[in-house]
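Below is run-v7.csv, holding CSV, C-alpha atoms.
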chain,number,residue,atom,x,y,z
N,1,MET,CA,38.5,60.2,-7.2
N,2,LYS,CA,39.9,63.6,-6.0
N,3,LYS,CA,41.4,63.9,-2.5
N,4,ASN,CA,43.5,66.3,-0.5
N,5,ASP,CA,47.0,65.2,0.4
N,6,LYS,CA,47.2,64.7,4.2
N,7,HIS,CA,50.6,66.4,4.4
N,8,THR,CA,50.5,69.3,1.9
N,9,GLY,CA,46.8,69.8,1.5
N,10,GLU,CA,47.2,69.7,-2.3
N,11,GLU,CA,44.4,68.2,-4.4
N,12,PHE,CA,45.3,65.0,-6.3
N,13,ILE,CA,43.6,62.2,-8.1
N,14,ALA,CA,43.8,59.0,-6.0
N,15,LYS,CA,44.8,55.8,-7.8
N,16,ARG,CA,43.5,53.7,-4.8
N,17,SER,CA,40.6,54.2,-2.5
N,18,ASN,CA,42.8,54.3,0.6
N,19,GLN,CA,45.5,56.6,-0.9
N,20,ILE,CA,45.9,59.7,1.3
N,21,PHE,CA,49.2,61.2,0.0
N,22,ALA,CA,49.8,62.5,-3.5
N,23,ASN,CA,53.2,60.9,-3.8
N,24,PRO,CA,55.7,58.8,-1.8
N,25,LYS,CA,57.8,61.9,-0.8
N,26,ASN,CA,54.7,63.5,0.9
N,27,ARG,CA,54.1,60.3,2.8
N,28,SER,CA,57.7,60.0,3.9
N,29,ASP,CA,57.8,63.7,5.0
N,30,PHE,CA,54.6,63.4,6.9
N,31,ASN,CA,55.8,60.3,8.8
N,32,ASN,CA,59.3,61.8,9.4
N,33,ASN,CA,57.7,64.9,10.9
N,34,LYS,CA,55.4,62.8,13.1
N,35,ALA,CA,58.4,60.7,14.3
N,36,ASN,CA,60.4,63.9,15.0
N,37,ILE,CA,57.6,65.4,17.1
N,38,ASN,CA,57.4,62.1,19.0
N,39,ARG,CA,61.1,61.9,19.6
N,40,LYS,CA,61.3,65.5,20.9
N,41,GLU,CA,58.4,64.8,23.3
N,42,LYS,CA,60.3,61.8,24.7
N,43,ASN,CA,63.8,63.3,24.7
N,44,PRO,CA,64.0,64.6,28.3
N,45,THR,CA,62.9,61.3,29.8
N,46,GLN,CA,65.0,59.3,27.3
N,47,PHE,CA,68.1,61.4,28.3
N,48,ILE,CA,67.6,60.5,32.0
N,49,LEU,CA,67.0,56.8,31.3
N,50,ASN,CA,70.1,56.7,29.1
N,51,LYS,CA,72.2,58.4,31.8
N,52,ASN,CA,70.8,56.1,34.5
N,53,ARG,CA,71.7,53.1,32.3
N,54,GLU,CA,75.3,54.3,31.8
N,55,ILE,CA,75.7,54.9,35.6
N,56,LEU,CA,74.6,51.3,36.3
N,57,LYS,CA,76.7,49.9,33.5
N,58,ARG,CA,79.8,51.8,34.8
N,59,ILE,CA,79.2,50.7,38.5
N,60,LEU,CA,78.6,47.1,37.6
N,61,GLY,CA,81.5,46.8,35.2
N,62,ASP,CA,82.2,43.1,34.4
N,63,LYS,CA,80.9,41.8,37.7
N,64,LYS,CA,77.8,39.6,38.0
N,65,TYR,CA,76.3,41.9,40.6
N,66,VAL,CA,77.3,44.6,43.0
N,67,GLU,CA,75.7,46.1,46.1
N,68,VAL,CA,75.8,49.9,46.7
N,69,SER,CA,74.2,52.4,49.0
N,70,GLU,CA,71.5,54.8,47.9
N,71,ASP,CA,73.9,57.7,48.8
N,72,PHE,CA,76.5,56.2,46.4
N,73,LEU,CA,73.9,56.1,43.6
N,74,ARG,CA,72.8,59.7,44.3
N,75,GLY,CA,76.5,60.7,44.4
N,76,ALA,CA,76.8,59.2,40.9
N,77,GLN,CA,73.8,61.4,39.9
N,78,PHE,CA,71.4,58.4,39.5
N,79,ASP,CA,67.8,59.7,39.1
N,80,PHE,CA,65.5,57.4,41.1
N,81,ARG,CA,62.4,58.9,39.5
N,82,LYS,CA,62.9,57.4,36.0
N,83,TYR,CA,63.0,53.7,35.1
N,84,THR,CA,61.6,51.6,32.3
N,85,SER,CA,59.7,49.1,34.4
N,86,ALA,CA,59.1,48.1,38.1
N,87,ASP,CA,58.3,44.8,39.7
N,88,LYS,CA,58.7,42.8,42.9
N,89,THR,CA,61.0,39.9,43.6
N,90,ARG,CA,59.3,36.5,43.5
N,91,ASP,CA,58.9,36.5,47.3
N,92,GLY,CA,57.5,40.0,47.1
N,93,LYS,CA,60.0,41.2,49.6
N,94,TYR,CA,62.0,43.7,47.4
N,95,SER,CA,61.2,46.1,44.7
N,96,ILE,CA,63.0,45.8,41.4
N,97,TYR,CA,63.5,48.8,39.1
N,98,LEU,CA,64.5,48.0,35.5
N,99,ILE,CA,66.4,50.5,33.4
N,100,PHE,CA,66.5,48.9,30.0
N,101,ASP,CA,68.7,45.8,30.5
N,102,TYR,CA,69.8,46.5,34.1
N,103,ALA,CA,68.0,45.6,37.3
N,104,LEU,CA,68.2,47.8,40.4
N,105,ILE,CA,66.9,45.8,43.4
N,106,GLN,CA,66.1,47.7,46.5
N,107,LEU,CA,67.4,45.9,49.6
N,108,GLU,CA,67.2,46.7,53.3
N,109,ASN,CA,69.1,49.6,54.9
N,110,ASN,CA,69.1,51.9,51.8
N,111,LYS,CA,71.1,49.4,49.9
N,112,TYR,CA,70.6,48.4,46.2
N,113,LYS,CA,71.8,45.4,44.2
N,114,ILE,CA,72.7,46.1,40.6
N,115,GLU,CA,72.8,43.3,38.1
N,116,LYS,CA,72.5,42.8,34.4
N,117,ASN,CA,68.9,41.7,33.5
N,118,VAL,CA,69.5,39.2,30.8

Show how you would write the structure in this file as structure tokens.
Amino acid sequence: MKKNDKHTGEEFIAKRSNQIFANPKNRSDFNNNKANINRKEKNPTQFILNKNREILKRILGDKKYVEVSEDFLRGAQFDFRKYTSADKTRDGKYSIYLIFDYALIQLENNKYKIEKNV
């Protein structure tokens, strides 16, 4: 059965009915290109998330938790617009912003509690 390679467009004879690439290299190149495009699209957001995580990691250090002001976080160049997930505390009183494995819990009076989310 003749088919056209999904990556190069070259015509080839398929050995299987579900074969869409002429050879493994074309399949690998196609998937690598797709992954690179996906990575480039995510890169600006991923950069901010990584930076936010490093800020929280640096502030927390080896402590179990620490409370800081919003101004302190802004001064450290924390970007409040980007986080990996959000939730509420069990009592629904406070917002929790997760940045990978760190939790930023919004308290009263523009204060935040930082803790490792294990």

For this session: Quick one: pull the distance between CA of Asp29 (chain N) and CA of Gly9 (chain N), Å, one decimal.
Result: 13.1 Å

For this session: Mind giving me the straight-line distance from CA of Glu41 (chain N) to CA of Arg81 (chain N) in Å, one decimal?
Result: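 Computing it gives 17.7 Å between the two atoms.
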
Problem set entry | Who sits within 10 Å of Lys57 (chain N), all atoms listed in the file, same chain under 6 positions skipped, as a PyMOL selection string | chain N and resi 51+101-102+114-116

Exercise. How many Å lie between CA of Asn26 (chain N) and CA of Asp5 (chain N), rounded to one decimal?
Worked result: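 Computed distance, CA of Asn26 (chain N) to CA of Asp5 (chain N), equals 7.9 Å.
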
Exercise. When distances are computed from all atoms listed in the file, which of N:Ile55, N:Met1, N:Leu60, N:Asp91 shows the smallest separation from Gly75 (chain N)?
Worked result: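 Using all atoms listed in the file, the shortest distance to Gly75 (chain N) belongs to N:Ile55.
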
Seminar exercise, completed: If you count all atoms listed in the file, the residue of N:Lys2, N:His7, N:Lys113, N:Arg27 closest to Lys63 (chain N) turns out to be N:Lys113

Exercise. Between N:Asn109, N:Gln77, N:Ser17, N:Asn36, which is the closest to Leu56 (chain N) once you count all atoms listed in the file?
Worked result: N:Gln77

For this session: Determine, counting all atoms listed in the file, every residue of protein, DNA or RNA that lies within 12 Å of (47.4, 59.0, -7.3) in the file coordinates, then give the result as a ChimeraX atom specification.
Result: /N:1-5,10-24,26

Exercise. Which residue out of N:Lys42, N:Ala35, N:Ala103, N:Phe72 has the minimum interatomic distance to Asp87 (chain N) when all atoms listed in the file are used?
Worked result: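 Counting all atoms listed in the file, the residue closest to Asp87 (chain N) is N:Ala103.
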
Exercise. Given the choices N:Lys111, N:Asp79, N:Lys6, N:Gln106, which gets closest to Phe47 (chain N) if the distance is worked out from only C-alpha atoms?
Worked result: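 Closest candidate: N:Asp79.
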
Which residues are close to Thr89 (chain N), i.e. within 12 Å by only C-alpha atoms, leaving aside same-chain residues fewer than 5 positions away? Reply as a compact mmCIF listing (two decimals) with C-alpha atoms, keeping the file's coordinate frame.
# COMPACT_ATOMS: atom_id res chain seq x y z
CA TYR N 94 62.00 43.70 47.40
CA SER N 95 61.20 46.10 44.70
CA ILE N 96 63.00 45.80 41.40
CA TYR N 97 63.50 48.80 39.10
CA LEU N 98 64.50 48.00 35.50
CA ALA N 103 68.00 45.60 37.30
CA LEU N 104 68.20 47.80 40.40
CA ILE N 105 66.90 45.80 43.40
CA GLN N 106 66.10 47.70 46.50
CA LEU N 107 67.40 45.90 49.60

Problem set entry | Residues near Glu54 (chain N), cut-off 10 Å, all atoms listed in the file, skip fewer than 5 positions along chain, as a list in words |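 After dropping sequence-adjacent residues, the list is Ile48, Leu49, Ile59, Leu60, Phe78, Ile99 and Tyr102 of chain N.
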
Seminar exercise, completed: Judged by all atoms listed in the file, the minimum distance to Thr45 (chain N) among N:Tyr83, N:Arg74, N:Gly61, N:Asn31 is found for N:Tyr83

Using the partial input, fill out region 13-37 of chain N with N, CA, C and O atoms; write the result as an mmCIF file, keeping the file's coordinate frame.
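File written: selection-v1.cif
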data_model
loop_
_atom_site.group_PDB
_atom_site.id
_atom_site.type_symbol
_atom_site.label_atom_id
_atom_site.label_comp_id
_atom_site.auth_asym_id
_atom_site.auth_seq_id
_atom_site.Cartn_x
_atom_site.Cartn_y
_atom_site.Cartn_z
ATOM 1 N N ILE N 13 44.475 63.257 -7.695
ATOM 2 C CA ILE N 13 43.600 62.200 -8.100
ATOM 3 C C ILE N 13 44.133 60.878 -7.549
ATOM 4 O O ILE N 13 45.242 60.459 -7.919
ATOM 5 N N ALA N 14 43.391 60.259 -6.653
ATOM 6 C CA ALA N 14 43.800 59.000 -6.000
ATOM 7 C C ALA N 14 43.722 57.850 -6.955
ATOM 8 O O ALA N 14 42.728 57.702 -7.661
ATOM 9 N N LYS N 15 44.755 57.022 -6.956
ATOM 10 C CA LYS N 15 44.800 55.800 -7.800
ATOM 11 C C LYS N 15 44.131 54.639 -7.027
ATOM 12 O O LYS N 15 43.732 53.657 -7.638
ATOM 13 N N ARG N 16 44.088 54.772 -5.682
ATOM 14 C CA ARG N 16 43.500 53.700 -4.800
ATOM 15 C C ARG N 16 42.510 54.410 -3.881
ATOM 16 O O ARG N 16 42.653 55.574 -3.526
ATOM 17 N N SER N 17 41.559 53.669 -3.388
ATOM 18 C CA SER N 17 40.600 54.200 -2.500
ATOM 19 C C SER N 17 41.141 54.618 -1.130
ATOM 20 O O SER N 17 40.655 55.529 -0.469
ATOM 21 N N ASN N 18 42.238 53.957 -0.713
ATOM 22 C CA ASN N 18 42.800 54.300 0.600
ATOM 23 C C ASN N 18 44.058 55.160 0.499
ATOM 24 O O ASN N 18 44.760 55.362 1.480
ATOM 25 N N GLN N 19 44.319 55.719 -0.657
ATOM 26 C CA GLN N 19 45.500 56.600 -0.900
ATOM 27 C C GLN N 19 45.199 57.952 -0.198
ATOM 28 O O GLN N 19 44.172 58.585 -0.439
ATOM 29 N N ILE N 20 46.132 58.420 0.657
ATOM 30 C CA ILE N 20 45.900 59.700 1.300
ATOM 31 C C ILE N 20 47.052 60.707 1.064
ATOM 32 O O ILE N 20 46.979 61.847 1.505
ATOM 33 N N PHE N 21 48.077 60.275 0.322
ATOM 34 C CA PHE N 21 49.200 61.200 0.000
ATOM 35 C C PHE N 21 49.287 61.212 -1.560
ATOM 36 O O PHE N 21 49.093 60.205 -2.234
ATOM 37 N N ALA N 22 49.638 62.376 -2.085
ATOM 38 C CA ALA N 22 49.800 62.500 -3.500
ATOM 39 C C ALA N 22 50.938 61.765 -4.090
ATOM 40 O O ALA N 22 50.904 61.310 -5.235
ATOM 41 N N ASN N 23 52.005 61.606 -3.284
ATOM 42 C CA ASN N 23 53.200 60.900 -3.800
ATOM 43 C C ASN N 23 53.978 60.347 -2.564
ATOM 44 O O ASN N 23 53.731 60.723 -1.416
ATOM 45 N N PRO N 24 54.926 59.458 -2.838
ATOM 46 C CA PRO N 24 55.700 58.800 -1.800
ATOM 47 C C PRO N 24 56.504 59.835 -0.917
ATOM 48 O O PRO N 24 56.671 59.640 0.284
ATOM 49 N N LYS N 25 56.993 60.914 -1.536
ATOM 50 C CA LYS N 25 57.800 61.900 -0.800
ATOM 51 C C LYS N 25 56.885 62.572 0.280
ATOM 52 O O LYS N 25 57.329 62.772 1.416
ATOM 53 N N ASN N 26 55.647 62.901 -0.042
ATOM 54 C CA ASN N 26 54.700 63.500 0.900
ATOM 55 C C ASN N 26 54.473 62.534 2.093
ATOM 56 O O ASN N 26 54.424 62.946 3.255
ATOM 57 N N ARG N 27 54.291 61.261 1.761
ATOM 58 C CA ARG N 27 54.100 60.300 2.800
ATOM 59 C C ARG N 27 55.291 60.162 3.713
ATOM 60 O O ARG N 27 55.177 60.166 4.942
ATOM 61 N N SER N 28 56.472 60.117 3.128
ATOM 62 C CA SER N 28 57.700 60.000 3.900
ATOM 63 C C SER N 28 57.907 61.273 4.767
ATOM 64 O O SER N 28 58.241 61.173 5.951
ATOM 65 N N ASP N 29 57.705 62.457 4.194
ATOM 66 C CA ASP N 29 57.800 63.700 5.000
ATOM 67 C C ASP N 29 56.865 63.757 6.118
ATOM 68 O O ASP N 29 57.216 64.158 7.232
ATOM 69 N N PHE N 30 55.620 63.357 5.873
ATOM 70 C CA PHE N 30 54.600 63.400 6.900
ATOM 71 C C PHE N 30 55.012 62.437 8.076
ATOM 72 O O PHE N 30 54.966 62.823 9.244
ATOM 73 N N ASN N 31 55.439 61.211 7.738
ATOM 74 C CA ASN N 31 55.800 60.300 8.800
ATOM 75 C C ASN N 31 57.111 60.664 9.491
ATOM 76 O O ASN N 31 57.236 60.467 10.703
ATOM 77 N N ASN N 32 58.051 61.278 8.771
ATOM 78 C CA ASN N 32 59.300 61.800 9.400
ATOM 79 C C ASN N 32 58.953 62.917 10.385
ATOM 80 O O ASN N 32 59.510 62.975 11.481
ATOM 81 N N ASN N 33 58.064 63.815 9.992
ATOM 82 C CA ASN N 33 57.700 64.900 10.900
ATOM 83 C C ASN N 33 56.999 64.373 12.147
ATOM 84 O O ASN N 33 57.258 64.835 13.258
ATOM 85 N N LYS N 34 56.130 63.393 11.964
ATOM 86 C CA LYS N 34 55.400 62.800 13.100
ATOM 87 C C LYS N 34 56.437 62.098 14.037
ATOM 88 O O LYS N 34 56.346 62.241 15.263
ATOM 89 N N ALA N 35 57.407 61.395 13.478
ATOM 90 C CA ALA N 35 58.400 60.700 14.300
ATOM 91 C C ALA N 35 59.302 61.738 15.025
ATOM 92 O O ALA N 35 59.671 61.525 16.184
ATOM 93 N N ASN N 36 59.635 62.851 14.373
ATOM 94 C CA ASN N 36 60.400 63.900 15.000
ATOM 95 C C ASN N 36 59.726 64.528 16.192
ATOM 96 O O ASN N 36 60.322 64.786 17.232
ATOM 97 N N ILE N 37 58.444 64.786 16.040
ATOM 98 C CA ILE N 37 57.600 65.400 17.100
ATOM 99 C C ILE N 37 57.622 64.369 18.302
ATOM 100 O O ILE N 37 57.838 64.748 19.458
#
